[in-house]
$ cat structure_9.txt   # compact mmCIF, C-alpha atoms (C1' of nucleotides)
# COMPACT_ATOMS: atom_id res chain seq x y z
CA MET A 1188 10.38 -2.89 10.28
CA ILE A 1189 10.76 -2.07 13.94
CA ARG A 1190 12.39 1.29 14.04
CA VAL A 1191 14.90 2.18 16.72
CA ASN A 1192 17.17 5.13 17.49
CA ILE A 1193 19.70 4.29 20.14
CA GLU A 1194 21.70 7.47 19.69
CA LEU A 1195 18.80 9.69 20.64
CA LEU A 1196 17.79 7.48 23.54
CA LYS A 1197 21.30 7.78 24.98
CA TYR A 1198 21.25 11.53 24.64
CA ILE A 1199 17.90 11.80 26.37
CA GLU A 1200 19.11 9.65 29.23
CA GLN A 1201 22.23 11.77 29.49
CA LEU A 1202 20.07 14.90 29.76
CA ARG A 1203 18.15 13.26 32.58
CA VAL A 1204 21.33 12.46 34.44
CA GLN A 1205 22.33 16.10 34.08
CA GLY A 1206 19.39 17.07 36.21
CA LYS A 1207 16.57 17.48 33.76
CA SER A 1208 14.63 14.53 35.04
CA GLU A 1209 11.80 16.77 36.15
CA LEU A 1210 11.35 17.80 32.52
CA ILE A 1211 11.78 14.34 31.08
CA ARG A 1212 9.37 12.04 32.86
CA GLU A 1213 9.49 8.28 32.65
CA GLU A 1214 6.10 6.60 32.25
CA ILE A 1215 4.69 3.19 31.47
CA ALA A 1216 1.95 2.03 29.11
CA LEU A 1217 0.35 -1.39 29.38
CA VAL A 1218 -0.56 -3.65 26.49
CA GLY A 1219 -3.35 -2.03 24.50
CA ASP A 1220 -2.91 1.43 25.99
CA LYS A 1221 -3.06 4.25 23.49
CA ILE A 1222 -0.25 6.66 24.27
CA VAL A 1223 -1.38 9.06 21.57
CA LYS A 1224 -4.80 9.12 19.96
CA GLU A 1225 -5.51 10.08 16.39
CA LYS A 1226 -7.17 13.46 15.83
CA THR A 1227 -6.51 14.72 19.34
CA LYS A 1228 -4.25 17.49 20.49
CA VAL A 1229 -0.76 16.36 21.49
CA PHE A 1230 0.89 18.05 24.44
CA SER A 1231 4.14 16.14 24.61
CA VAL A 1232 6.87 14.46 22.67
CA PHE A 1233 7.55 10.81 23.49
CA ILE A 1234 10.63 8.62 23.28
CA VAL A 1235 10.34 4.86 23.66
CA LYS A 1236 12.72 3.51 26.30
CA ASN A 1237 11.77 -0.09 25.77
CA GLY A 1238 8.90 -2.20 24.53
CA LEU A 1239 7.06 -2.26 21.24
CA ALA A 1240 4.30 -0.02 19.94
CA LYS A 1241 2.40 0.33 16.71
CA CYS A 1242 1.74 3.59 14.93
CA TYR A 1243 -1.41 3.44 12.83
CA LEU A 1244 -4.11 5.46 11.14
CA LYS A 1245 -7.76 4.53 11.02
CA GLU A 1246 -9.30 5.26 7.64
CA ASP A 1247 -12.92 6.06 6.86
CA THR A 1248 -13.19 2.60 5.29
CA GLY A 1249 -12.79 1.21 8.82
CA GLU A 1250 -9.41 -0.26 7.99
CA ASP A 1251 -6.29 0.41 9.99
CA PHE A 1252 -3.08 1.22 8.23
CA ILE A 1253 0.02 0.53 10.27
CA GLN A 1254 2.62 3.10 9.54
CA GLU A 1255 5.40 1.63 11.58
CA PHE A 1256 6.35 -0.42 14.60
CA PHE A 1257 8.27 1.61 17.16
CA GLY A 1258 11.04 0.16 19.31
CA GLU A 1259 13.77 1.64 21.48
CA GLY A 1260 14.58 5.28 21.02
CA GLU A 1261 11.87 5.93 18.48
CA VAL A 1262 10.20 9.31 18.81
CA PHE A 1263 6.63 10.41 18.22
CA GLY A 1264 4.68 13.58 18.78
CA GLU A 1265 7.47 15.71 17.33
CA VAL A 1266 5.73 16.08 13.97
CA GLU A 1267 2.61 17.46 15.62
CA CYS A 1268 4.83 19.81 17.60
CA PHE A 1269 6.27 21.40 14.49
CA THR A 1270 3.13 21.38 12.38
CA ASN A 1271 0.81 22.50 15.19
CA ARG A 1272 -1.90 20.07 14.25
CA PHE A 1273 -3.81 17.25 15.84
CA SER A 1274 -2.14 13.88 15.83
CA PHE A 1275 -2.46 12.07 12.53
CA CYS A 1276 -1.95 8.65 14.04
CA THR A 1277 -2.57 6.53 17.08
CA ILE A 1278 0.27 5.03 19.08
CA GLU A 1279 -0.71 1.83 20.84
CA ALA A 1280 1.43 -0.39 23.07
CA LEU A 1281 1.86 -3.95 21.74
CA THR A 1282 3.88 -4.93 24.80
CA ALA A 1283 4.32 -3.00 28.00
CA VAL A 1284 6.14 0.16 26.93
CA THR A 1285 8.37 2.37 29.04
CA TYR A 1286 8.81 5.80 27.54
CA TYR A 1287 10.06 9.28 28.29
CA ARG A 1288 7.70 12.19 27.95
CA ILE A 1289 8.74 15.80 27.39
CA ALA A 1290 6.14 18.56 27.45
CA LYS A 1291 5.79 20.31 24.13
CA ARG A 1292 6.96 23.60 25.64
CA ASP A 1293 10.11 22.06 27.09
CA PHE A 1294 10.79 20.17 23.89
CA MET A 1295 10.64 23.39 21.89
CA LYS A 1296 12.95 25.07 24.38
CA LEU A 1297 15.46 22.27 24.00
CA ILE A 1298 15.24 22.53 20.23
CA GLN A 1299 16.07 26.23 20.37
CA SER A 1300 18.75 26.10 23.04
CA ASP A 1301 20.55 22.79 22.59
CA ILE A 1302 22.12 22.60 19.16
CA THR A 1303 23.13 18.96 19.62
CA PHE A 1304 19.56 18.06 20.41
CA ASN A 1305 18.36 20.16 17.51
CA ASN A 1306 20.64 18.29 15.14
CA LEU A 1307 19.56 14.93 16.50
CA ILE A 1308 15.95 15.80 15.76
CA LEU A 1309 16.77 17.09 12.29
CA SER A 1310 18.60 13.90 11.54
CA LEU A 1311 15.82 11.80 13.07
CA MET A 1312 13.17 13.38 10.89
CA ALA A 1313 15.35 13.08 7.81
CA THR A 1314 15.77 9.39 8.56
CA LYS A 1315 12.02 8.99 8.96
CA ILE A 1316 11.41 10.60 5.58
CA ARG A 1317 14.02 8.47 3.88
CA TYR A 1318 12.89 5.28 5.52
CA THR A 1319 9.21 5.83 4.80
CA ALA A 1320 9.88 6.67 1.17
CA LEU A 1321 11.92 3.51 0.67
CA ARG A 1322 9.40 1.31 2.44
CA HIS A 1323 6.36 2.53 0.55
CA SER A 1324 8.16 2.40 -2.74
CA TYR A 1325 9.17 -1.20 -2.08
CA ASN A 1326 5.68 -2.11 -0.93
CA GLN A 1327 3.95 -0.72 -3.96
CA THR A 1328 6.30 -2.26 -6.49
CA HIS A 1329 6.66 -5.74 -5.02
CA ASP A 1330 4.19 -8.53 -4.44
CA VAL A 1331 2.97 -9.79 -1.09
CA GLU A 1332 5.53 -12.58 -0.94
CA HIS A 1333 8.47 -10.18 -1.25
CA ASN A 1334 7.01 -7.67 1.16
CA LEU A 1335 6.42 -10.33 3.74
CA ALA A 1336 9.89 -11.79 3.29
CA ARG A 1337 11.40 -8.35 3.75
CA LEU A 1338 9.45 -7.73 6.92
CA ARG A 1339 10.45 -11.11 8.31
CA GLU A 1340 14.09 -10.41 7.64
CA SER A 1341 13.97 -7.23 9.63
CA VAL A 1342 11.88 -8.55 12.51
CA PRO A 1343 13.15 -11.70 14.17
CA ASP A 1344 10.30 -13.91 15.34
CA LEU A 1345 7.75 -11.74 13.56
CA LEU A 1346 4.84 -14.13 14.04
CA GLY A 1347 5.60 -14.52 17.71
CA LYS A 1348 5.65 -10.80 18.35
CA ILE A 1349 2.96 -9.31 16.20
CA SER A 1350 -0.59 -10.48 15.52
CA LYS A 1351 -1.56 -11.52 12.01
CA LYS A 1352 -4.05 -8.74 11.82
CA ASP A 1353 -1.35 -6.18 12.54
CA ILE A 1354 1.03 -7.76 10.06
CA ALA A 1355 -1.71 -7.71 7.44
CA ASN A 1356 -2.50 -4.08 8.20
CA TYR A 1357 1.15 -3.21 7.92
CA LEU A 1358 1.39 -4.88 4.53
CA GLY A 1359 -1.92 -3.45 3.39
CA ILE A 1360 -3.54 -6.82 2.70
CA THR A 1361 -6.17 -8.99 4.37
CA VAL A 1362 -5.38 -11.70 6.89
CA ARG A 1363 -6.65 -14.24 4.38
CA SER A 1364 -4.00 -13.19 1.86
CA LEU A 1365 -1.33 -13.24 4.52
CA ASN A 1366 -2.21 -16.80 5.45
CA ARG A 1367 -2.20 -17.95 1.85
CA THR A 1368 1.21 -16.41 1.31
CA LEU A 1369 2.59 -17.96 4.48
CA LYS A 1370 1.35 -21.36 3.43
CA SER A 1371 2.73 -21.21 -0.09
CA GLU A 1372 6.06 -20.11 1.37
CA LYS A 1373 6.38 -23.28 3.37
CA SER A 1374 5.57 -25.60 0.47
CA THR A 1375 8.27 -24.13 -1.77
CA MET B 1091 -0.52 16.05 -4.92
CA ILE B 1092 1.76 18.78 -6.11
CA ARG B 1093 3.55 19.94 -3.04
CA VAL B 1094 4.44 23.58 -2.54
CA ASN B 1095 5.96 25.67 0.24
CA ILE B 1096 5.58 29.33 -0.42
CA GLU B 1097 6.77 30.42 3.00
CA LEU B 1098 10.19 28.88 2.55
CA LEU B 1099 10.51 30.18 -0.98
CA LYS B 1100 9.88 33.71 0.25
CA TYR B 1101 12.47 33.35 2.98
CA ILE B 1102 15.07 32.07 0.55
CA GLU B 1103 14.43 34.96 -1.79
CA GLN B 1104 14.70 37.37 1.12
CA LEU B 1105 18.08 35.87 2.02
CA ARG B 1106 19.22 36.43 -1.54
CA VAL B 1107 18.17 40.05 -1.44
CA GLN B 1108 20.17 40.45 1.75
CA GLY B 1109 23.31 39.72 -0.19
CA LYS B 1110 23.62 35.98 -0.09
CA SER B 1111 22.99 35.52 -3.79
CA GLU B 1112 26.48 34.15 -4.26
CA LEU B 1113 25.56 31.31 -1.90
CA ILE B 1114 22.11 30.74 -3.29
CA ARG B 1115 22.40 30.24 -7.01
CA GLU B 1116 19.51 30.29 -9.41
CA GLU B 1117 19.61 27.59 -12.08
CA ILE B 1118 17.36 26.13 -14.74
CA ALA B 1119 16.54 22.55 -15.69
CA LEU B 1120 14.91 21.66 -19.01
CA VAL B 1121 12.17 19.10 -19.49
CA GLY B 1122 13.56 15.66 -18.78
CA ASP B 1123 16.66 16.90 -16.97
CA LYS B 1124 17.52 15.02 -13.82
CA ILE B 1125 18.41 17.52 -11.14
CA VAL B 1126 19.27 14.79 -8.67
CA LYS B 1127 20.04 11.19 -9.56
CA GLU B 1128 19.22 8.22 -7.39
CA LYS B 1129 22.15 6.52 -5.67
CA THR B 1130 24.57 9.36 -6.27
CA LYS B 1131 26.18 11.72 -3.84
CA VAL B 1132 24.30 14.99 -3.34
CA PHE B 1133 26.32 18.14 -2.89
CA SER B 1134 23.53 20.69 -2.62
CA VAL B 1135 20.07 21.41 -1.36
CA PHE B 1136 17.53 22.58 -3.92
CA ILE B 1137 14.43 24.75 -3.72
CA VAL B 1138 12.00 24.89 -6.64
CA LYS B 1139 11.33 28.47 -7.72
CA ASN B 1140 8.85 27.52 -10.39
CA GLY B 1141 7.97 24.64 -12.67
CA LEU B 1142 7.05 21.05 -11.93
CA ALA B 1143 9.27 18.08 -11.12
CA LYS B 1144 8.70 14.47 -10.18
CA CYS B 1145 10.46 12.71 -7.35
CA TYR B 1146 10.69 8.98 -7.99
CA LEU B 1147 12.52 5.80 -7.10
CA LYS B 1148 13.43 3.06 -9.54
CA GLU B 1149 12.90 -0.38 -8.06
CA ASP B 1150 14.72 -3.59 -8.96
CA THR B 1151 11.52 -4.74 -10.65
CA GLY B 1152 12.13 -2.04 -13.24
CA GLU B 1153 9.13 -0.07 -12.09
CA ASP B 1154 9.23 3.55 -11.08
CA PHE B 1155 7.46 4.69 -7.95
CA ILE B 1156 6.61 8.37 -7.90
CA GLN B 1157 6.94 9.70 -4.42
CA GLU B 1158 5.66 13.17 -5.08
CA PHE B 1159 5.30 15.97 -7.57
CA PHE B 1160 7.22 19.05 -6.53
CA GLY B 1161 6.03 22.58 -7.23
CA GLU B 1162 6.98 26.01 -5.95
CA GLY B 1163 9.06 26.19 -2.80
CA GLU B 1164 9.44 22.46 -2.42
CA VAL B 1165 12.83 21.37 -1.15
CA PHE B 1166 14.92 18.33 -1.94
CA GLY B 1167 18.42 17.20 -1.05
CA GLU B 1168 17.97 18.18 2.59
CA VAL B 1169 17.29 14.61 3.70
CA GLU B 1170 20.56 13.42 2.18
CA CYS B 1171 22.29 16.32 3.89
CA PHE B 1172 21.21 15.19 7.34
CA THR B 1173 21.52 11.46 6.82
CA ASN B 1174 24.83 11.66 4.95
CA ARG B 1175 23.79 9.11 2.38
CA PHE B 1176 23.41 8.88 -1.35
CA SER B 1177 20.20 10.17 -2.79
CA PHE B 1178 17.33 7.73 -2.47
CA CYS B 1179 15.36 9.24 -5.33
CA THR B 1180 15.65 10.93 -8.68
CA ILE B 1181 14.30 14.42 -9.27
CA GLU B 1182 13.31 14.98 -12.88
CA ALA B 1183 11.88 18.11 -14.47
CA LEU B 1184 8.42 17.65 -16.01
CA THR B 1185 8.35 21.22 -17.23
CA ALA B 1186 11.21 23.67 -17.35
CA VAL B 1187 12.16 24.18 -13.70
CA THR B 1188 13.86 27.19 -12.16
CA TYR B 1189 15.38 26.39 -8.81
CA TYR B 1190 17.74 27.72 -6.18
CA ARG B 1191 20.76 25.69 -5.22
CA ILE B 1192 22.65 25.98 -1.93
CA ALA B 1193 25.86 24.04 -1.41
CA LYS B 1194 25.58 21.47 1.35
CA ARG B 1195 28.23 23.25 3.40
CA ASP B 1196 26.44 26.59 3.20
CA PHE B 1197 23.11 24.96 3.93
CA MET B 1198 24.48 23.41 7.09
CA LYS B 1199 25.96 26.74 8.14
CA LEU B 1200 22.58 28.39 7.70
CA ILE B 1201 20.94 25.65 9.73
CA GLN B 1202 23.33 26.23 12.61
CA SER B 1203 23.40 30.02 12.51
CA ASP B 1204 19.96 31.11 11.40
CA ILE B 1205 17.32 29.93 13.85
CA THR B 1206 14.46 31.08 11.64
CA PHE B 1207 15.82 29.03 8.77
CA ASN B 1208 16.41 26.12 11.12
CA ASN B 1209 12.78 26.22 12.24
CA LEU B 1210 11.51 26.46 8.69
CA ILE B 1211 13.41 23.30 7.80
CA LEU B 1212 12.19 21.49 10.92
CA SER B 1213 8.65 22.41 10.07
CA LEU B 1214 9.15 21.48 6.42
CA MET B 1215 10.39 18.01 7.28
CA ALA B 1216 7.59 17.50 9.80
CA THR B 1217 5.10 18.43 7.10
CA LYS B 1218 6.71 15.98 4.69
CA ILE B 1219 6.42 13.18 7.24
CA ARG B 1220 2.82 13.98 8.00
CA TYR B 1221 1.85 14.38 4.40
CA THR B 1222 3.52 11.17 3.27
CA ALA B 1223 1.97 9.16 6.07
CA LEU B 1224 -1.52 10.40 5.23
CA ARG B 1225 -1.08 9.83 1.53
CA HIS B 1226 0.19 6.27 1.79
CA SER B 1227 -2.42 5.36 4.31
CA TYR B 1228 -5.15 6.65 2.04
CA ASN B 1229 -3.66 4.91 -0.97
CA GLN B 1230 -3.44 1.53 0.67
CA THR B 1231 -6.91 1.58 2.14
CA HIS B 1232 -8.86 2.95 -0.82
CA ASP B 1233 -9.49 1.63 -4.29
CA VAL B 1234 -8.14 3.05 -7.51
CA GLU B 1235 -11.22 5.10 -8.21
CA HIS B 1236 -10.97 6.99 -4.92
CA ASN B 1237 -7.24 7.49 -5.17
CA LEU B 1238 -7.58 8.88 -8.64
CA ALA B 1239 -10.44 11.17 -7.64
CA ARG B 1240 -8.37 12.50 -4.76
CA LEU B 1241 -5.40 13.20 -6.97
CA ARG B 1242 -7.59 14.99 -9.51
CA GLU B 1243 -9.08 17.18 -6.83
CA SER B 1244 -5.68 18.36 -5.75
CA VAL B 1245 -4.21 18.80 -9.21
CA PRO B 1246 -6.23 20.96 -11.57
CA ASP B 1247 -5.96 19.73 -15.15
CA LEU B 1248 -4.15 16.59 -14.05
CA LEU B 1249 -4.33 14.84 -17.41
CA GLY B 1250 -3.08 17.91 -19.20
CA LYS B 1251 -0.05 18.29 -16.97
CA ILE B 1252 1.15 14.81 -16.20
CA SER B 1253 1.52 11.78 -18.46
CA LYS B 1254 -0.62 8.73 -17.84
CA LYS B 1255 2.46 6.70 -17.12
CA ASP B 1256 3.47 9.10 -14.36
CA ILE B 1257 -0.03 9.18 -12.92
CA ALA B 1258 -0.09 5.39 -12.89
CA ASN B 1259 3.31 5.25 -11.24
CA TYR B 1260 2.16 7.70 -8.61
CA LEU B 1261 -0.92 5.63 -7.85
CA GLY B 1262 1.03 2.38 -7.96
CA ILE B 1263 -1.03 0.84 -10.73
CA THR B 1264 -0.58 0.06 -14.42
CA VAL B 1265 -1.61 2.40 -17.19
CA ARG B 1266 -4.16 -0.20 -18.25
CA SER B 1267 -5.90 0.04 -14.90
CA LEU B 1268 -5.79 3.80 -14.98
CA ASN B 1269 -7.48 3.84 -18.38
CA ARG B 1270 -10.18 1.45 -17.27
CA THR B 1271 -10.92 3.55 -14.23
CA LEU B 1272 -11.04 6.76 -16.24
CA LYS B 1273 -13.46 5.19 -18.66
CA SER B 1274 -15.82 3.85 -16.03
CA GLU B 1275 -15.77 7.26 -14.35
CA LYS B 1276 -17.18 8.90 -17.45
CA SER B 1277 -19.99 6.39 -17.89
CA THR B 1278 -21.30 6.88 -14.37
C1' DC C 1316 6.09 12.01 -44.42
C1' DG C 1317 8.02 8.89 -41.20
C1' DC C 1318 9.60 7.88 -36.75
C1' DG C 1319 9.23 7.13 -31.90
C1' DT C 1320 6.63 7.76 -27.92
C1' DA C 1321 2.24 7.84 -25.62
C1' DA C 1322 -2.44 6.30 -25.35
C1' DT C 1323 -6.24 2.91 -26.00
C1' DT C 1324 -8.46 -1.40 -25.80
C1' DG C 1325 -9.74 -6.53 -25.56
C1' DA C 1326 -8.89 -11.11 -23.80
C1' DA C 1327 -6.71 -14.19 -20.77
C1' DA C 1328 -4.06 -14.98 -16.61
C1' DA C 1329 -2.85 -13.96 -12.03
C1' DG C 1330 -3.65 -12.04 -7.70
C1' DT C 1331 -6.62 -10.50 -3.85
C1' DA C 1332 -10.85 -9.81 -1.33
C1' DT C 1333 -15.05 -11.53 0.52
C1' DC C 1334 -17.68 -14.67 2.92
C1' DA C 1335 -18.56 -18.43 5.68
C1' DA C 1336 -17.39 -22.36 8.36
C1' DC C 1337 -14.56 -24.21 11.79
C1' DA C 1338 -10.37 -24.79 15.19
C1' DC C 1339 -7.68 -23.11 19.02
C1' DT C 1340 -6.79 -20.45 23.17
C1' DG C 1341 -7.24 -18.23 27.61
C1' DG C 1342 -10.25 -16.39 30.86
C1' DT C 1343 -14.85 -16.31 33.47
C1' DG C 1344 -18.55 -17.86 36.07
C1' DG C 1345 -21.74 -21.56 37.41
C1' DC D 1328 -14.12 -28.93 36.76
C1' DC D 1329 -16.59 -27.99 32.95
C1' DA D 1330 -19.34 -25.03 29.84
C1' DC D 1331 -19.19 -20.96 27.63
C1' DC D 1332 -17.46 -16.93 25.37
C1' DA D 1333 -14.61 -13.73 22.88
C1' DG D 1334 -10.72 -13.08 20.35
C1' DT D 1335 -7.46 -14.92 17.13
C1' DG D 1336 -6.19 -17.93 13.63
C1' DT D 1337 -7.12 -21.28 9.54
C1' DT D 1338 -9.05 -22.64 5.29
C1' DG D 1339 -11.97 -23.43 0.98
C1' DA D 1340 -14.95 -21.61 -2.62
C1' DT D 1341 -16.25 -17.86 -5.24
C1' DA D 1342 -16.40 -13.19 -7.01
C1' DC D 1343 -13.96 -9.38 -8.16
C1' DT D 1344 -9.91 -6.52 -9.49
C1' DT D 1345 -5.63 -5.79 -11.55
C1' DT D 1346 -1.89 -7.25 -14.41
C1' DT D 1347 -0.02 -9.02 -18.49
C1' DC D 1348 0.26 -9.31 -23.22
C1' DA D 1349 -0.53 -7.90 -27.68
C1' DA D 1350 -2.52 -5.32 -31.27
C1' DT D 1351 -3.86 -0.83 -32.86
C1' DT D 1352 -4.39 4.12 -32.97
C1' DA D 1353 -3.13 8.99 -32.00
C1' DC D 1354 0.16 12.57 -31.53
C1' DG D 1355 4.31 15.57 -31.78
C1' DC D 1356 8.37 16.68 -34.11
C1' DG D 1357 12.42 16.69 -37.19

$ encode --input "structure_9.txt" --output "structure tokens"
Amino acid sequence: MIRVNIELLKYIEQLRVQGKSELIREEIALVGDKIVKEKTKVFSVFIVKNGLAKCYLKEDTGEDFIQEFFGEGEVFGEVECFTNRFSFCTIEALTAVTYYRIAKRDFMKLIQSDITFNNLILSLMATKIRYTALRHSYNQTHDVEHNLARLRESVPDLLGKISKKDIANYLGITVRSLNRTLKSEKST
Amino acid sequence: MIRVNIELLKYIEQLRVQGKSELIREEIALVGDKIVKEKTKVFSVFIVKNGLAKCYLKEDTGEDFIQEFFGEGEVFGEVECFTNRFSFCTIEALTAVTYYRIAKRDFMKLIQSDITFNNLILSLMATKIRYTALRHSYNQTHDVEHNLARLRESVPDLLGKISKKDIANYLGITVRSLNRTLKSEKST
DNA sequence: CGCGTAATTGAAAAGTATCAACACTGGTGG
DNA sequence: CCACCAGTGTTGATACTTTTCAATTACGCG
């Protein structure tokens, strides 16, 4: 599913209006740009303003596993902030992506000083945990046809937006299997 | 893997010593007891003091998907607290489990008033997100043999502690497949 | 001892990956 | 303007893996 978080996006933009725009920079990534790279140090927290990005891990088997597609308001980099570790995933722009960037230091200051912001982040991470648990549970207990149908429901014009390879990587199958499933869907 | 969080457990026990033991109750669950039930309202946050529990979701296919095994210091109920939704999983004791229970209201008060506690929970949730992402990525991109080997590395005496059915449900395979893999492991 | 639950195993069926060949597209340079 | 190329998508045949089903055994406990 393409995850979004409008509430947080609004709050961030409100903070900017209140004169914190020097702390919260707006930047742009072009198609294919990697905003965050796996196994590197992360110095900022990012919030997608608009566009679409994929969050994926590269395994030692050479396969990519797509964790999630990020849309408006989705946040990344915050987990690395709290765990003090290198990034565990790569964030790559699938379309041009406009995003806000907050330096780690400033992000941590906000967390400590702005209780509303603090609560938004708590709630955001809780939602991530819940969502991820439900998705992976569904994925492991249902067959390809169901998983694909579910993804299509939640992403309008899936095939127009996302390459087959990425869809396959998201579902944890090969492109060949994806094509077979798509074909058998039509005939039924 | 059996997840633990000693740091949080210590902090909770310190809070109790400081006279909050009426807020943080110690309770016991027997083998098979369900501490939290899926799709019910959750009124408390729980911290495992000792013992082993499984966290699982029941899917409409009738299958169980085991999210994680919880050991010392692991927390559950906090996600429901922040998202204000029914529980998305069931927590069931695999051994006798001693745990601390904090009423939702008191938990939220602590979050707002105790910045150390607040940060522990932020860090805990970030760790959960990171851990879950890494686990599911590994699981989807590796074969049964690798996944099983990885689980055995992280859980000493796996087969003695956890039933084959639970291991299979954790790995997302059938017991038949688990047995076949175990057998072929020996012969090599 | 007898009961229910868990574990084991073989055989057949179903699902998925692998491999290889070929089509389609947009961009580049001669 | 066309030939070429790289990347993406399509498809069939085959090999491999996992599930399903069913029968049997082992184990713990009243």

$ interface_residues --input "structure_9.txt" --of "chain B" --to "chain D" --cutoff "9 Å" --atoms "only C-alpha atoms (C1' of nucleotides)" --output "count of residues only"
4

$ atom_distance --input "structure_9.txt" --atom1 "atom CA of Asp1344 of chain A" --atom2 "atom CA of Leu1239 of chain A"
13.5 Å

$ residues_around --input "structure_9.txt" --residues "Leu1214 of chain B" --least-positions-apart "3" --cutoff "9 Å" --atoms "only C-alpha atoms (C1' of nucleotides)" --output "list in words"
Phe1269 and Thr1270 of chain A; Asn1095, Leu1098, Glu1164, Val1165, Asn1209, Leu1210, Ile1211, Thr1217, Lys1218 and Ile1219 of chain B

$ atom_distance --input "structure_9.txt" --atom1 "atom CA of Gly1109 of chain B" --atom2 "atom CA of Asn1140 of chain B"
21.5 Å

$ atom_distance --input "structure_9.txt" --atom1 "atom CA of Gly1249 of chain A" --atom2 "atom CA of His1236 of chain B"
15.0 Å

$ interface_residues --input "structure_9.txt" --of "chain C" --to "chain A" --cutoff "12 Å" --atoms "only C-alpha atoms (C1' of nucleotides)" --output "list in words"
DA1329, DG1330, DT1331, DA1332, DT1333 and DC1334 of chain C

$ closest_atom_pairs --input "structure_9.txt" --of "chain A" --to "chain B" --cutoff "8 Å" --atoms "only C-alpha atoms" --output "Markdown table"
| residue | atom | partner | partner_atom | distance |
| --- | --- | --- | --- | --- |
| A:Leu1244 | CA | B:Ser1227 | CA | 7.0 |
| A:Glu1246 | CA | B:Thr1231 | CA | 7.0 |
| A:Thr1248 | CA | B:Thr1231 | CA | 7.1 |
| A:Glu1250 | CA | B:Thr1231 | CA | 6.6 |
| A:Asp1251 | CA | B:Thr1231 | CA | 8.0 |
| A:Phe1252 | CA | B:Ser1227 | CA | 5.7 |
| A:Gln1254 | CA | B:Ala1223 | CA | 7.0 |
| A:Glu1265 | CA | B:Ala1216 | CA | 7.7 |
| A:Val1266 | CA | B:Ala1216 | CA | 4.8 |
| A:Glu1267 | CA | B:Ala1216 | CA | 7.7 |
| A:Phe1269 | CA | B:Ser1213 | CA | 5.1 |
| A:Thr1270 | CA | B:Ser1213 | CA | 6.1 |
| A:Phe1275 | CA | B:Arg1220 | CA | 7.2 |
| A:Gln1299 | CA | B:Ile1205 | CA | 7.6 |
| A:Ile1302 | CA | B:Gln1202 | CA | 7.6 |
| A:Leu1309 | CA | B:Leu1212 | CA | 6.5 |
| A:Ser1310 | CA | B:Phe1172 | CA | 5.1 |
| A:Met1312 | CA | B:Met1215 | CA | 6.5 |
| A:Ala1313 | CA | B:Val1169 | CA | 4.8 |
| A:Thr1314 | CA | B:Thr1173 | CA | 6.4 |
| A:Lys1315 | CA | B:Ile1219 | CA | 7.2 |
| A:Ile1316 | CA | B:Ile1219 | CA | 5.9 |
| A:Arg1317 | CA | B:Val1169 | CA | 7.0 |
| A:Thr1319 | CA | B:Thr1222 | CA | 8.0 |
| A:Ala1320 | CA | B:Gln1157 | CA | 7.0 |
| A:Leu1321 | CA | B:Phe1178 | CA | 7.5 |
| A:His1323 | CA | B:His1226 | CA | 7.3 |
| A:Ser1324 | CA | B:Phe1155 | CA | 5.7 |
| A:Tyr1325 | CA | B:Glu1149 | CA | 7.1 |
| A:Gln1327 | CA | B:Gly1262 | CA | 5.8 |
| A:Thr1328 | CA | B:Glu1153 | CA | 6.6 |
| A:His1329 | CA | B:Thr1151 | CA | 7.5 |
| A:Gly1359 | CA | B:Gln1230 | CA | 5.9 |
